[in-house]
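Engineer: Structure below; questions to follow.
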Amino acid sequence: MGAVDNDFDAHDAFCEPVALKIAAMASHMQTLTQKASRLIALALFPDTCLGCRRHVSERGVLCAECWNGMHFVAEPLCAITGEPFQHDFGGNMVSAAAIANPPAYRRARAAVLHTGVARQLAQRLKYGDQGELAPWMARWMVRAAGAMMSESDVVVPVPLHWRRYLLRRYNQSAELGRAVAQQAGLDFAPEALLRVKPTRRQVGLSAAERRRNVRGAFRVPPEKEIAVRGRRVLVVDDVLTTGSTIDAAAKALLRAGASSIDILAFSRVVPHFVARR
């Protein structure tokens, strides 16, 4: 059995760099195609709502109905995990979960709740080949980040495993990370973190199963440590759920010498939360 495992590891070690180069070429072609599509859309179609594609006054905004369906994450929230609280108890509040299991990262923030229009946007970016949504979604993320933007040196996206990268052709977290870095004037290091373990999909797993699933899933290649060593890293993801994935990513970056880790996502899953208006 051990020989089989060793052969599998050797095969993966050989295939990974080749597959990543192929994926990078595919991603470049995908970017060129998306740029061409955007130019054609600009020429042929009027400005439309990001959510429902109704006509709006300017590109990159939501109509009144879709705007009303967006639930932005706001105070009160946990000072560490960024999870919103239903009631304001005053002071610098920390959730019970963060106290019981302190995460490896310093702070996490998300722009919106993962529901309604926000959920549709996230799914269109992830599964619908609509990378042109990323810059508009990143604008809300930068606003939600607050002081984290000025207290970060480099943006690192949560990576996909190379097998999934080949199937999907691009990484939605990298698209968001690139846009956040451009808008904030920060360095962008998309290859500083690798997902070396082909993890199961997290959907449907319990919190404990999610933690086991991503344990040891990430590493920083030795030749990329210079991008994060001694630097304040802002990790970008599309959706936050239990936080197990970002915590595993943060641990890998800290092992590589990063001085601190903050997390920024577009949306956050908060079960049973009643959004305030």
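In the structure tokens, the first chain shown is A, the next is B, and so on; residue numbers restart at 1 for each chain, and ligands run from 1 in the order shown.
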Give me the residues near Leu264 (chain A) as a PyMOL selection string, where near means some atom within 10 Å (using only C-alpha atoms) and where sequence neighbours in that chain fewer than 4 positions away do not count.
Structural biologist: chain A and resi 82+107-111+138+141-142+144-145+148-149+155+157+176-177+180+234-240+246
Engineer: Hey, can you spit out that residue selection with C-alpha atoms as an mmCIF file, in the first residue's frame?
Structural biologist:
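Wrote selection-v9.cif, looks like this:
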```
data_model
loop_
_atom_site.group_PDB
_atom_site.id
_atom_site.type_symbol
_atom_site.label_atom_id
_atom_site.label_comp_id
_atom_site.auth_asym_id
_atom_site.auth_seq_id
_atom_site.Cartn_x
_atom_site.Cartn_y
_atom_site.Cartn_z
ATOM 1 C CA GLY A 82 -16.266 39.732 11.601
ATOM 2 C CA ARG A 107 -9.246 39.835 11.628
ATOM 3 C CA ALA A 108 -11.768 38.725 9.020
ATOM 4 C CA ARG A 109 -14.287 40.926 7.240
ATOM 5 C CA ALA A 110 -16.888 40.395 4.518
ATOM 6 C CA ALA A 111 -18.831 42.955 2.514
ATOM 7 C CA ALA A 138 -14.159 44.306 -5.007
ATOM 8 C CA MET A 141 -14.982 44.572 -0.266
ATOM 9 C CA VAL A 142 -12.488 47.441 -0.055
ATOM 10 C CA ALA A 144 -15.822 46.744 4.182
ATOM 11 C CA ALA A 145 -12.116 46.205 4.911
ATOM 12 C CA MET A 148 -7.232 46.529 7.066
ATOM 13 C CA MET A 149 -6.378 48.039 3.673
ATOM 14 C CA VAL A 155 -2.838 40.478 -1.292
ATOM 15 C CA PRO A 157 -5.950 34.848 -2.873
ATOM 16 C CA LEU A 176 -11.355 39.333 -6.613
ATOM 17 C CA GLY A 177 -7.871 39.563 -5.103
ATOM 18 C CA VAL A 180 -8.790 44.501 -4.545
ATOM 19 C CA LEU A 234 -4.424 40.215 3.215
ATOM 20 C CA VAL A 235 -5.972 36.886 2.192
ATOM 21 C CA VAL A 236 -8.905 37.249 -0.230
ATOM 22 C CA ASP A 237 -11.691 34.692 -0.666
ATOM 23 C CA ASP A 238 -15.094 34.821 -2.303
ATOM 24 C CA VAL A 239 -17.302 33.350 0.450
ATOM 25 C CA LEU A 240 -16.711 32.788 4.180
ATOM 26 C CA ILE A 246 -9.090 30.634 5.693
#
```
Engineer: Fewer than 3 positions away in the same chain doesn't count, so skip those; otherwise give me all residues within 12 Å of Ile99 (chain A), counting only C-alpha atoms, as an MDAnalysis selection string.
Structural biologist: chainID A and resid 78:81 93:96 102:103
Engineer: With only C-alpha atoms as the basis for distance, which of A:Lys197, A:Arg178, A:His161, A:Arg168 is at the shortest distance from Met137 (chain A)?
Structural biologist: A:Arg178
Engineer: Among region 100-243 of chain A, which residues does DSSP mark as alpha helix (DSSP H) when it is run on the backbone? Keep the chain and numbering as in the structure and answer as a PyMOL selection string.
Structural biologist: chain A and resi 100+116-127+134-145+162-168+172-184+207-214
